[in-house]
>>> print(open('coords.cif').read())   # mmCIF, C-alpha atoms
data_run
loop_
_atom_site.label_atom_id
_atom_site.label_comp_id
_atom_site.auth_asym_id
_atom_site.auth_seq_id
_atom_site.Cartn_x
_atom_site.Cartn_y
_atom_site.Cartn_z
CA MET A 1 -158.71 -196.42 87.45
CA ARG A 2 -159.72 -199.66 85.75
CA VAL A 3 -157.23 -200.58 83.01
CA LEU A 4 -158.11 -202.98 80.19
CA ALA A 5 -155.05 -204.59 78.62
CA THR A 6 -154.94 -207.13 75.83
CA GLN A 7 -151.70 -208.51 77.30
CA ARG A 8 -149.34 -207.98 80.20
CA LEU A 9 -146.43 -205.68 79.40
CA PRO A 10 -142.84 -206.64 80.31
CA GLY A 11 -140.86 -204.99 83.06
CA PRO A 12 -141.35 -204.27 86.77
CA ALA A 13 -143.33 -201.03 86.25
CA TRP A 14 -146.40 -203.04 85.23
CA ASP A 15 -146.76 -204.32 88.79
CA GLU A 16 -147.45 -200.78 90.02
CA LEU A 17 -150.92 -200.94 88.48
CA THR A 18 -153.52 -202.20 90.92
CA ASP A 19 -156.67 -202.58 88.81
CA VAL A 20 -155.90 -204.32 85.51
CA VAL A 21 -158.09 -206.69 83.53
CA ILE A 22 -156.59 -208.73 80.69
CA GLY A 23 -159.19 -209.13 77.99
CA ALA A 24 -160.08 -209.01 74.32
CA LEU A 25 -161.39 -205.99 72.42
CA ASP A 26 -164.31 -207.72 70.72
CA ILE A 27 -166.61 -207.70 73.78
CA PRO A 28 -167.95 -204.78 75.88
CA HIS A 29 -166.00 -203.54 78.89
CA ASP A 30 -168.33 -201.03 80.50
CA ASP A 31 -166.01 -200.04 83.34
CA ALA A 32 -162.66 -199.78 81.50
CA GLU A 33 -161.29 -196.24 81.85
CA ALA A 34 -157.90 -196.84 80.23
CA LEU A 35 -156.78 -199.14 77.44
CA VAL A 36 -153.40 -200.75 76.69
CA ALA A 37 -153.59 -202.75 73.47
CA PRO A 38 -150.20 -203.19 71.74
CA GLY A 39 -150.56 -203.40 67.98
CA GLU A 40 -154.36 -203.47 68.00
CA ARG A 41 -156.46 -201.24 65.77
CA ILE A 42 -158.37 -198.75 67.94
CA ASP A 43 -161.29 -197.25 66.03
CA ASP A 44 -164.96 -196.42 66.48
CA ALA A 45 -165.94 -200.10 66.59
CA VAL A 46 -163.63 -200.68 69.57
CA LEU A 47 -164.50 -197.40 71.25
CA ASP A 48 -168.21 -198.27 71.10
CA LEU A 49 -167.46 -201.20 73.41
CA LEU A 50 -165.65 -199.01 75.94
CA PRO A 51 -168.12 -196.29 77.01
CA ALA A 52 -166.14 -195.25 80.11
CA LEU A 53 -162.80 -194.96 78.34
CA ARG A 54 -160.67 -191.88 79.11
CA LEU A 55 -157.19 -192.88 77.91
CA VAL A 56 -155.52 -195.02 75.25
CA ALA A 57 -151.93 -195.64 76.37
CA ASN A 58 -150.14 -196.77 73.22
CA TYR A 59 -147.22 -199.15 73.67
CA GLY A 60 -144.87 -197.73 71.04
CA VAL A 61 -143.91 -194.42 69.50
CA GLY A 62 -145.93 -194.93 66.30
CA TYR A 63 -149.68 -194.63 66.79
CA ASP A 64 -151.00 -195.00 63.24
CA GLN A 65 -153.19 -197.92 64.37
CA VAL A 66 -155.07 -195.59 66.73
CA ASP A 67 -157.81 -193.39 65.27
CA VAL A 68 -156.79 -190.31 67.21
CA LYS A 69 -159.60 -188.18 65.78
CA ALA A 70 -162.21 -190.73 66.84
CA CYS A 71 -160.70 -190.81 70.32
CA ARG A 72 -160.62 -187.03 70.64
CA ALA A 73 -164.24 -186.78 69.48
CA ARG A 74 -165.18 -188.90 72.50
CA GLY A 75 -162.91 -187.06 74.93
CA VAL A 76 -160.39 -189.92 75.03
CA GLU A 77 -156.72 -188.94 75.34
CA VAL A 78 -153.94 -190.84 73.56
CA THR A 79 -150.33 -191.26 74.70
CA ASN A 80 -147.29 -192.99 73.23
CA THR A 81 -143.73 -193.88 74.27
CA PRO A 82 -141.27 -191.59 72.45
CA GLY A 83 -137.60 -191.29 73.28
CA VAL A 84 -136.99 -194.62 75.00
CA LEU A 85 -136.73 -196.84 71.91
CA ASP A 86 -134.55 -194.70 69.65
CA ALA A 87 -131.27 -196.51 70.25
CA ALA A 88 -132.70 -200.02 70.00
CA THR A 89 -134.51 -199.31 66.75
CA ALA A 90 -131.50 -197.57 65.22
CA ASP A 91 -129.34 -200.54 66.29
CA LEU A 92 -131.65 -202.93 64.46
CA ALA A 93 -131.75 -200.71 61.36
CA PHE A 94 -127.98 -200.65 61.23
CA ALA A 95 -127.84 -204.40 61.88
CA LEU A 96 -130.12 -204.92 58.87
CA LEU A 97 -127.88 -202.62 56.84
CA LEU A 98 -124.79 -204.65 57.73
CA ALA A 99 -126.50 -208.03 57.38
CA THR A 100 -127.83 -207.17 53.93
CA ARG A 101 -124.78 -205.41 52.52
CA ARG A 102 -122.40 -208.12 53.77
CA ARG A 103 -124.78 -211.05 53.09
CA LEU A 104 -124.50 -212.37 56.64
CA VAL A 105 -127.72 -214.38 56.65
CA GLU A 106 -126.80 -216.10 53.39
CA GLY A 107 -123.41 -217.00 54.81
CA ASP A 108 -124.92 -218.33 58.03
CA ARG A 109 -127.32 -220.58 56.10
CA HIS A 110 -124.49 -221.78 53.89
CA VAL A 111 -122.40 -222.90 56.86
CA ARG A 112 -125.33 -224.41 58.77
CA GLY A 113 -126.39 -226.33 55.68
CA GLY A 114 -123.00 -228.00 55.37
CA ASP A 115 -122.42 -226.41 51.98
CA TRP A 116 -119.08 -224.74 52.65
CA GLY A 117 -117.35 -227.37 50.50
CA THR A 118 -113.59 -227.34 50.38
CA GLY A 119 -113.18 -224.15 52.38
CA TRP A 120 -112.39 -220.52 51.64
CA SER A 121 -112.87 -219.12 48.15
CA GLN A 122 -112.44 -215.66 46.66
CA THR A 123 -115.83 -215.31 45.00
CA PRO A 124 -118.82 -216.60 47.03
CA PHE A 125 -120.82 -214.14 49.12
CA LEU A 126 -119.19 -210.99 47.83
CA GLY A 127 -121.00 -208.14 49.54
CA ARG A 128 -121.03 -204.36 49.22
CA GLU A 129 -118.72 -201.98 51.07
CA VAL A 130 -120.28 -200.09 53.99
CA THR A 131 -117.39 -197.80 54.94
CA GLY A 132 -117.27 -194.85 52.57
CA SER A 133 -120.70 -195.52 51.05
CA THR A 134 -123.65 -193.13 51.16
CA LEU A 135 -126.58 -193.58 53.54
CA GLY A 136 -129.84 -191.76 52.81
CA ILE A 137 -132.10 -191.26 55.83
CA VAL A 138 -135.78 -190.65 55.15
CA GLY A 139 -137.16 -188.91 58.24
CA LEU A 140 -134.58 -187.35 60.53
CA GLY A 141 -136.40 -187.61 63.84
CA ARG A 142 -134.99 -189.21 66.98
CA ILE A 143 -134.48 -192.64 65.43
CA GLY A 144 -133.25 -191.27 62.10
CA GLY A 145 -130.78 -189.06 63.93
CA ALA A 146 -129.52 -192.05 65.93
CA MET A 147 -129.10 -193.94 62.66
CA GLY A 148 -127.04 -191.09 61.26
CA ARG A 149 -124.72 -191.12 64.27
CA ARG A 150 -124.11 -194.83 63.83
CA ALA A 151 -123.40 -194.36 60.15
CA ARG A 152 -120.81 -191.68 60.82
CA GLY A 153 -119.03 -194.17 63.08
CA PHE A 154 -118.65 -196.35 60.00
CA GLU A 155 -117.32 -193.40 57.99
CA MET A 156 -120.40 -193.29 55.81
CA ARG A 157 -121.50 -190.15 54.00
CA VAL A 158 -125.00 -189.30 55.25
CA VAL A 159 -127.71 -187.44 53.35
CA TYR A 160 -131.24 -186.99 54.61
CA HIS A 161 -134.73 -185.89 53.66
CA GLN A 162 -137.54 -184.61 55.81
CA ARG A 163 -140.45 -182.31 55.23
CA THR A 164 -138.66 -179.31 56.73
CA PRO A 165 -134.89 -179.14 56.16
CA GLY A 166 -132.91 -178.65 59.33
CA ASP A 167 -129.39 -177.58 60.25
CA GLU A 168 -127.84 -180.96 60.97
CA PRO A 169 -124.05 -180.93 61.41
CA GLY A 170 -122.32 -183.38 59.11
CA LEU A 171 -125.53 -184.33 57.27
CA GLU A 172 -126.54 -183.08 53.84
CA TYR A 173 -130.15 -182.29 52.93
CA ARG A 174 -131.57 -183.70 49.69
CA THR A 175 -134.98 -183.82 48.07
CA LEU A 176 -136.41 -187.30 48.33
CA ASP A 177 -135.80 -188.05 44.66
CA GLU A 178 -132.20 -186.84 44.94
CA LEU A 179 -131.70 -189.00 48.02
CA MET A 180 -133.02 -192.09 46.24
CA GLN A 181 -130.65 -191.52 43.34
CA GLU A 182 -127.51 -190.78 45.39
CA SER A 183 -127.72 -193.34 48.19
CA ASP A 184 -126.14 -196.76 48.37
CA VAL A 185 -128.45 -197.49 51.31
CA VAL A 186 -131.80 -195.84 52.04
CA SER A 187 -133.08 -196.21 55.62
CA ILE A 188 -136.67 -195.22 56.37
CA HIS A 189 -137.57 -193.57 59.68
CA ALA A 190 -140.66 -191.49 58.88
CA PRO A 191 -144.03 -191.81 60.66
CA LEU A 192 -146.93 -193.37 58.78
CA THR A 193 -149.62 -190.78 58.08
CA PRO A 194 -152.11 -190.30 55.24
CA GLU A 195 -149.53 -187.99 53.64
CA THR A 196 -146.63 -190.46 53.89
CA THR A 197 -148.47 -193.65 52.90
CA GLY A 198 -146.74 -194.97 49.78
CA LEU A 199 -144.03 -192.30 50.09
CA ILE A 200 -141.46 -194.70 48.62
CA SER A 201 -143.43 -195.27 45.45
CA ARG A 202 -142.76 -197.46 42.42
CA GLU A 203 -141.27 -194.45 40.66
CA ARG A 204 -138.95 -193.66 43.57
CA LEU A 205 -137.84 -197.27 43.93
CA ALA A 206 -136.86 -197.14 40.27
CA LEU A 207 -134.51 -194.25 41.09
CA LEU A 208 -132.34 -196.50 43.28
CA ARG A 209 -129.03 -197.39 41.68
CA ASP A 210 -128.32 -201.02 40.86
CA GLY A 211 -127.00 -202.79 43.96
CA ALA A 212 -128.59 -200.33 46.39
CA THR A 213 -130.20 -201.48 49.66
CA LEU A 214 -133.48 -200.38 51.25
CA VAL A 215 -133.85 -200.70 55.03
CA ASN A 216 -137.27 -200.22 56.63
CA THR A 217 -137.78 -200.34 60.40
CA ALA A 218 -140.57 -197.73 60.43
CA ARG A 219 -143.86 -198.88 58.88
CA GLY A 220 -144.57 -201.11 55.90
CA GLY A 221 -147.15 -198.75 54.49
CA LEU A 222 -144.50 -196.14 53.75
CA VAL A 223 -143.38 -198.26 50.79
CA ASP A 224 -145.23 -199.53 47.72
CA GLU A 225 -144.79 -203.14 48.81
CA GLU A 226 -145.83 -204.68 45.49
CA ALA A 227 -143.26 -202.60 43.62
CA LEU A 228 -140.61 -203.39 46.22
CA VAL A 229 -141.23 -207.13 45.84
CA GLU A 230 -140.84 -206.80 42.07
CA GLU A 231 -137.52 -204.97 42.47
CA LEU A 232 -136.26 -207.61 44.89
CA VAL A 233 -137.36 -210.50 42.70
CA SER A 234 -135.48 -208.91 39.80
CA GLY A 235 -132.33 -208.93 41.95
CA ARG A 236 -131.55 -205.31 41.11
CA ILE A 237 -131.57 -204.16 44.74
CA SER A 238 -131.52 -205.72 48.21
CA ALA A 239 -133.48 -204.97 51.38
CA GLY A 240 -133.57 -205.38 55.14
CA LEU A 241 -137.20 -205.31 56.28
CA ASP A 242 -138.56 -205.31 59.82
CA VAL A 243 -142.06 -204.06 58.90
CA PHE A 244 -144.71 -204.97 56.34
CA VAL A 245 -148.02 -203.58 55.12
CA HIS A 246 -150.32 -206.33 56.42
CA GLU A 247 -148.48 -207.68 59.45
CA PRO A 248 -148.06 -210.46 60.36
CA ALA A 249 -148.54 -211.39 56.70
CA VAL A 250 -145.39 -211.12 54.59
CA PRO A 251 -145.38 -211.33 50.77
CA ALA A 252 -144.65 -214.98 50.01
CA ALA A 253 -142.41 -214.04 47.09
CA LEU A 254 -139.82 -212.76 49.58
CA PHE A 255 -139.28 -216.07 51.36
CA GLY A 256 -137.09 -217.63 48.70
CA LEU A 257 -134.97 -214.57 48.01
CA ALA A 258 -131.36 -214.38 49.15
CA ASN A 259 -131.17 -210.59 48.72
CA VAL A 260 -133.60 -209.70 51.50
CA VAL A 261 -133.28 -210.05 55.29
CA LEU A 262 -136.62 -210.30 57.11
CA THR A 263 -137.33 -209.70 60.81
CA PRO A 264 -140.71 -209.73 62.64
CA HIS A 265 -141.12 -206.05 63.68
CA ILE A 266 -138.52 -206.24 66.45
CA GLY A 267 -137.05 -202.74 66.28
CA SER A 268 -137.63 -202.07 69.98
CA ALA A 269 -137.24 -205.68 71.10
CA THR A 270 -134.59 -205.51 73.79
CA VAL A 271 -135.18 -206.34 77.42
CA GLU A 272 -134.15 -202.85 78.48
CA THR A 273 -136.15 -200.94 75.88
CA ARG A 274 -139.38 -202.88 76.30
CA ALA A 275 -139.20 -202.36 80.08
CA ALA A 276 -138.61 -198.64 79.51
CA MET A 277 -141.62 -198.47 77.20
CA THR A 278 -143.73 -200.10 79.91
CA ARG A 279 -142.45 -197.49 82.36
CA VAL A 280 -143.74 -194.69 80.12
CA VAL A 281 -147.11 -196.41 79.65
CA VAL A 282 -147.51 -196.84 83.41
CA ASP A 283 -146.43 -193.27 84.12
CA ASN A 284 -149.15 -192.03 81.77
CA LEU A 285 -151.75 -194.28 83.40
CA LEU A 286 -150.80 -193.12 86.90
CA ALA A 287 -150.84 -189.48 85.83
CA ALA A 288 -154.34 -189.90 84.41
CA GLU A 289 -155.46 -191.64 87.58
CA ARG A 290 -154.20 -188.74 89.70
CA GLY A 291 -155.67 -186.11 87.40
CA GLU A 292 -152.19 -184.82 86.50
CA PRO A 293 -150.91 -183.78 83.04
CA LEU A 294 -150.09 -186.77 80.87
CA VAL A 295 -146.38 -187.51 80.43
CA THR A 296 -146.31 -188.11 76.67
CA PRO A 297 -149.59 -187.11 74.99
CA VAL A 298 -149.59 -187.49 71.21
CA PRO A 299 -149.63 -184.21 69.28
#
>>> encode(input="coords.cif", output="structure tokens")
Amino acid sequence: MRVLATQRLPGPAWDELTDVVIGALDIPHDDAEALVAPGERIDDAVLDLLPALRLVANYGVGYDQVDVKACRARGVEVTNTPGVLDAATADLAFALLLATRRRLVEGDRHVRGGDWGTGWSQTPFLGREVTGSTLGIVGLGRIGGAMGRRARGFEMRVVYHQRTPGDEPGLEYRTLDELMQESDVVSIHAPLTPETTGLISRERLALLRDGATLVNTARGGLVDEEALVEELVSGRISAGLDVFVHEPAVPAALFGLANVVLTPHIGSATVETRAAMTRVVVDNLLAAERGEPLVTPVP
């Protein structure tokens, strides 16, 4: 099966593919039967250039950039890579929580800039306590659940919101508005869909208590980014952000702010996790080639 990829994926599993072409999506590929295009928008315009396509193997668990309905209308299957990136993404989310609450990036810049002065002082870089504070998890899927387990290790109280309340030991369900009001830290782990776009609205951001922190390692479009920037500029809250609405563009107003930690969508960026994601992609491609059931078809 001829595979069109926009880039080579990391890890040894990639070498198991025997018919791969690395190419761009803006020209026709008449013989491409499968597509691997990390981060690229896959819509009717792209599908028109791939008349033989049978499978889009998404490199990631989120597939909001893939028009699944357009693919299905053409008989094209879509897969993703769930399960293998939960720990890495939760690790980054918790790292952003710690870095923001304890002002680690500010402190690092202070030392590197030679501004430490005469030494230790009681007042600079006072952060916010993590142990004993309340974490609100928006979206208690695999990654949200992993985030909750990490929080309990830090003796945090954990509340959560999802569309259907579940029976989660040690976690307390809240409506989304209640969660926003109660939490010292809100960590977002919901998928981006038409229903969840703008879920964390201007009105909900206003519910956050002064000094609260928002962590987003899911998708930028889940948050009203303009309203978030305004809250951060005001200094009322802080944030750790790995995702943005118009990546790779980041609102310029954030660059000069000390109360926000910014990372370039690296939630799954560990050597081990990226190799495991490639393994799932390749397993789906090989299953399609053999005419077997796909390993991880999207719902």
>>> resolve_selection(input="coords.cif", expression="the PyMOL selection byres ((chain A and resi 191-205) around 8)", output="ChimeraX atom specification")
/A:62,64,139,177,180,189-190,206-208,218-219,221-224,227-228,231
>>> resolve_selection(input="coords.cif", expression="the PyMOL selection byres ((chain A and resi 76) around 7)", output="list in words")
Leu53, Arg54, Leu55, Cys71, Arg72, Arg74, Gly75, Glu77 and Val78 of chain A
>>> atom_distance(input="coords.cif", atom1="atom CA of A:Pro38", atom2="atom CA of A:Ala5")
8.5 Å
>>> residues_around(input="coords.cif", residues="A:Pro165", least_positions_apart="6", cutoff="10 Å", atoms="all atoms listed in the file", output="number ranges by chain")
A: 140, 172-175
>>> resolve_selection(input="coords.cif", expression="the PyMOL selection byres ((chain A and resi 158) around 7)", output="list in words")
Thr134, Leu135, Gly136, Gly148, Met156, Arg157, Val159, Tyr160, Leu171 and Glu172 of chain A
>>> residues_near_point(input="coords.cif", point="(-135.7, -202.0, 56.8)", cutoff="8 Å", atoms="all atoms listed in the file", output="list in words")
Ala93, Leu96, Leu97, Ser187, Ile188, Leu214, Val215, Asn216, Thr217, Ala218, Ala239, Gly240, Leu241, Asp242 and Val243 of chain A
>>> closest_residue(input="coords.cif", among="A:Gln65, A:Thr89, A:Thr278, A:Ser238", to="A:Arg142", atoms="all atoms listed in the file")
A:Thr89
>>> closest_residue(input="coords.cif", among="A:Thr18, A:Thr296, A:Gln162, A:Thr100", to="A:Val130", atoms="only C-alpha atoms")
A:Thr100
>>> residues_around(input="coords.cif", residues="stretch 26-37 of chain A", least_positions_apart="3", cutoff="6 Å", atoms="only C-alpha atoms", output="PyMOL selection string")
chain A and resi 2-6+40+49-57
>>> atom_distance(input="coords.cif", atom1="atom CA of A:Ala90", atom2="atom CA of A:Glu225")
21.8 Å
>>> closest_residue(input="coords.cif", among="A:Glu168, A:Asp184, A:Glu226, A:Glu247", to="A:Asp210", atoms="only C-alpha atoms")
A:Asp184
>>> closest_residue(input="coords.cif", among="A:Val186, A:Val61, A:Lys69, A:Leu232", to="A:Val261", atoms="only C-alpha atoms")
A:Leu232
>>> closest_residue(input="coords.cif", among="A:Ala258, A:Ala24, A:Val68, A:Ala13", to="A:Pro297", atoms="all atoms listed in the file")
A:Val68
>>> residues_around(input="coords.cif", residues="A:Gly211", least_positions_apart="5", cutoff="10 Å", atoms="only C-alpha atoms", output="MDAnalysis selection string")
chainID A and resid 101 127:128 184:185 235:238
>>> closest_residue(input="coords.cif", among="A:Ala87, A:Ala288, A:Leu294, A:Val233", to="A:Val260", atoms="only C-alpha atoms")
A:Val233
>>> atom_distance(input="coords.cif", atom1="atom CA of A:Glu129", atom2="atom CA of A:Ala253")
26.9 Å
>>> build_atoms(input="coords.cif", residues="stretch 193-204 of chain A", atoms="all heavy atoms", output="PDB file, in the coordinates of the input")
ATOM      1  N   THR A 193    -148.463-191.663  58.045  1.00  0.00           N
ATOM      2  CA  THR A 193    -149.620-190.780  58.080  1.00  0.00           C
ATOM      3  C   THR A 193    -150.312-190.877  56.726  1.00  0.00           C
ATOM      4  O   THR A 193    -149.757-191.469  55.785  1.00  0.00           O
ATOM      5  CB  THR A 193    -149.199-189.323  58.337  1.00  0.00           C
ATOM      6  OG1 THR A 193    -148.459-188.851  57.192  1.00  0.00           O
ATOM      7  CG2 THR A 193    -148.335-189.201  59.584  1.00  0.00           C
ATOM      8  N   PRO A 194    -151.498-190.308  56.583  1.00  0.00           N
ATOM      9  CA  PRO A 194    -152.110-190.300  55.240  1.00  0.00           C
ATOM     10  C   PRO A 194    -151.200-189.664  54.189  1.00  0.00           C
ATOM     11  O   PRO A 194    -151.201-190.086  53.027  1.00  0.00           O
ATOM     12  CB  PRO A 194    -153.379-189.478  55.454  1.00  0.00           C
ATOM     13  CG  PRO A 194    -153.741-189.727  56.881  1.00  0.00           C
ATOM     14  CD  PRO A 194    -152.423-189.797  57.609  1.00  0.00           C
ATOM     15  N   GLU A 195    -150.402-188.681  54.596  1.00  0.00           N
ATOM     16  CA  GLU A 195    -149.530-187.990  53.640  1.00  0.00           C
ATOM     17  C   GLU A 195    -148.300-188.827  53.271  1.00  0.00           C
ATOM     18  O   GLU A 195    -147.757-188.678  52.168  1.00  0.00           O
ATOM     19  CB  GLU A 195    -149.067-186.649  54.212  1.00  0.00           C
ATOM     20  CG  GLU A 195    -150.169-185.619  54.383  1.00  0.00           C
ATOM     21  CD  GLU A 195    -151.089-185.913  55.560  1.00  0.00           C
ATOM     22  OE1 GLU A 195    -150.640-186.562  56.532  1.00  0.00           O
ATOM     23  OE2 GLU A 195    -152.278-185.514  55.500  1.00  0.00           O
ATOM     24  N   THR A 196    -147.841-189.694  54.169  1.00  0.00           N
ATOM     25  CA  THR A 196    -146.630-190.460  53.890  1.00  0.00           C
ATOM     26  C   THR A 196    -146.903-191.883  53.414  1.00  0.00           C
ATOM     27  O   THR A 196    -145.963-192.601  53.050  1.00  0.00           O
ATOM     28  CB  THR A 196    -145.728-190.538  55.137  1.00  0.00           C
ATOM     29  OG1 THR A 196    -146.440-191.204  56.200  1.00  0.00           O
ATOM     30  CG2 THR A 196    -145.304-189.151  55.587  1.00  0.00           C
ATOM     31  N   THR A 197    -148.160-192.316  53.398  1.00  0.00           N
ATOM     32  CA  THR A 197    -148.470-193.650  52.900  1.00  0.00           C
ATOM     33  C   THR A 197    -148.031-193.761  51.433  1.00  0.00           C
ATOM     34  O   THR A 197    -148.360-192.919  50.604  1.00  0.00           O
ATOM     35  CB  THR A 197    -149.975-193.923  53.008  1.00  0.00           C
ATOM     36  OG1 THR A 197    -150.356-193.886  54.387  1.00  0.00           O
ATOM     37  CG2 THR A 197    -150.332-195.279  52.431  1.00  0.00           C
ATOM     38  N   GLY A 198    -147.252-194.792  51.132  1.00  0.00           N
ATOM     39  CA  GLY A 198    -146.740-194.970  49.780  1.00  0.00           C
ATOM     40  C   GLY A 198    -145.686-193.963  49.387  1.00  0.00           C
ATOM     41  O   GLY A 198    -145.420-193.767  48.192  1.00  0.00           O
ATOM     42  N   LEU A 199    -145.046-193.321  50.370  1.00  0.00           N
ATOM     43  CA  LEU A 199    -144.030-192.300  50.090  1.00  0.00           C
ATOM     44  C   LEU A 199    -142.932-192.844  49.187  1.00  0.00           C
ATOM     45  O   LEU A 199    -142.481-192.173  48.251  1.00  0.00           O
ATOM     46  CB  LEU A 199    -143.435-191.807  51.411  1.00  0.00           C
ATOM     47  CG  LEU A 199    -142.362-190.727  51.330  1.00  0.00           C
ATOM     48  CD1 LEU A 199    -142.977-189.409  50.859  1.00  0.00           C
ATOM     49  CD2 LEU A 199    -141.702-190.545  52.700  1.00  0.00           C
ATOM     50  N   ILE A 200    -142.476-194.053  49.469  1.00  0.00           N
ATOM     51  CA  ILE A 200    -141.460-194.700  48.620  1.00  0.00           C
ATOM     52  C   ILE A 200    -142.221-195.469  47.547  1.00  0.00           C
ATOM     53  O   ILE A 200    -142.516-196.654  47.675  1.00  0.00           O
ATOM     54  CB  ILE A 200    -140.541-195.611  49.451  1.00  0.00           C
ATOM     55  CG1 ILE A 200    -139.973-194.852  50.649  1.00  0.00           C
ATOM     56  CG2 ILE A 200    -139.409-196.144  48.577  1.00  0.00           C
ATOM     57  CD1 ILE A 200    -139.187-193.601  50.304  1.00  0.00           C
ATOM     58  N   SER A 201    -142.555-194.759  46.502  1.00  0.00           N
ATOM     59  CA  SER A 201    -143.430-195.270  45.450  1.00  0.00           C
ATOM     60  C   SER A 201    -142.649-196.118  44.442  1.00  0.00           C
ATOM     61  O   SER A 201    -141.415-196.219  44.489  1.00  0.00           O
ATOM     62  CB  SER A 201    -144.070-194.089  44.716  1.00  0.00           C
ATOM     63  OG  SER A 201    -143.057-193.304  44.097  1.00  0.00           O
ATOM     64  N   ARG A 202    -143.383-196.703  43.510  1.00  0.00           N
ATOM     65  CA  ARG A 202    -142.760-197.460  42.420  1.00  0.00           C
ATOM     66  C   ARG A 202    -141.748-196.591  41.671  1.00  0.00           C
ATOM     67  O   ARG A 202    -140.637-197.040  41.353  1.00  0.00           O
ATOM     68  CB  ARG A 202    -143.852-197.958  41.473  1.00  0.00           C
ATOM     69  CG  ARG A 202    -143.337-198.731  40.258  1.00  0.00           C
ATOM     70  CD  ARG A 202    -144.492-199.195  39.398  1.00  0.00           C
ATOM     71  NE  ARG A 202    -145.349-200.122  40.122  1.00  0.00           N
ATOM     72  CZ  ARG A 202    -145.158-201.422  40.191  1.00  0.00           C
ATOM     73  NH1 ARG A 202    -144.100-201.968  39.577  1.00  0.00           N
ATOM     74  NH2 ARG A 202    -145.989-202.201  40.869  1.00  0.00           N
ATOM     75  N   GLU A 203    -142.142-195.355  41.410  1.00  0.00           N
ATOM     76  CA  GLU A 203    -141.270-194.450  40.660  1.00  0.00           C
ATOM     77  C   GLU A 203    -140.001-194.135  41.452  1.00  0.00           C
ATOM     78  O   GLU A 203    -138.901-194.045  40.880  1.00  0.00           O
ATOM     79  CB  GLU A 203    -142.015-193.173  40.315  1.00  0.00           C
ATOM     80  CG  GLU A 203    -143.149-193.336  39.315  1.00  0.00           C
ATOM     81  CD  GLU A 203    -144.398-193.983  39.932  1.00  0.00           C
ATOM     82  OE1 GLU A 203    -144.525-193.981  41.184  1.00  0.00           O
ATOM     83  OE2 GLU A 203    -145.245-194.491  39.166  1.00  0.00           O
ATOM     84  N   ARG A 204    -140.128-193.970  42.759  1.00  0.00           N
ATOM     85  CA  ARG A 204    -138.950-193.660  43.570  1.00  0.00           C
ATOM     86  C   ARG A 204    -138.069-194.894  43.760  1.00  0.00           C
ATOM     87  O   ARG A 204    -136.835-194.776  43.805  1.00  0.00           O
ATOM     88  CB  ARG A 204    -139.384-193.072  44.914  1.00  0.00           C
ATOM     89  CG  ARG A 204    -139.879-191.631  44.750  1.00  0.00           C
ATOM     90  CD  ARG A 204    -140.137-190.943  46.043  1.00  0.00           C
ATOM     91  NE  ARG A 204    -140.347-189.520  45.829  1.00  0.00           N
ATOM     92  CZ  ARG A 204    -141.395-188.837  46.271  1.00  0.00           C
ATOM     93  NH1 ARG A 204    -142.340-189.451  46.980  1.00  0.00           N
ATOM     94  NH2 ARG A 204    -141.493-187.553  46.024  1.00  0.00           N
TER      95      ARG A 204
END
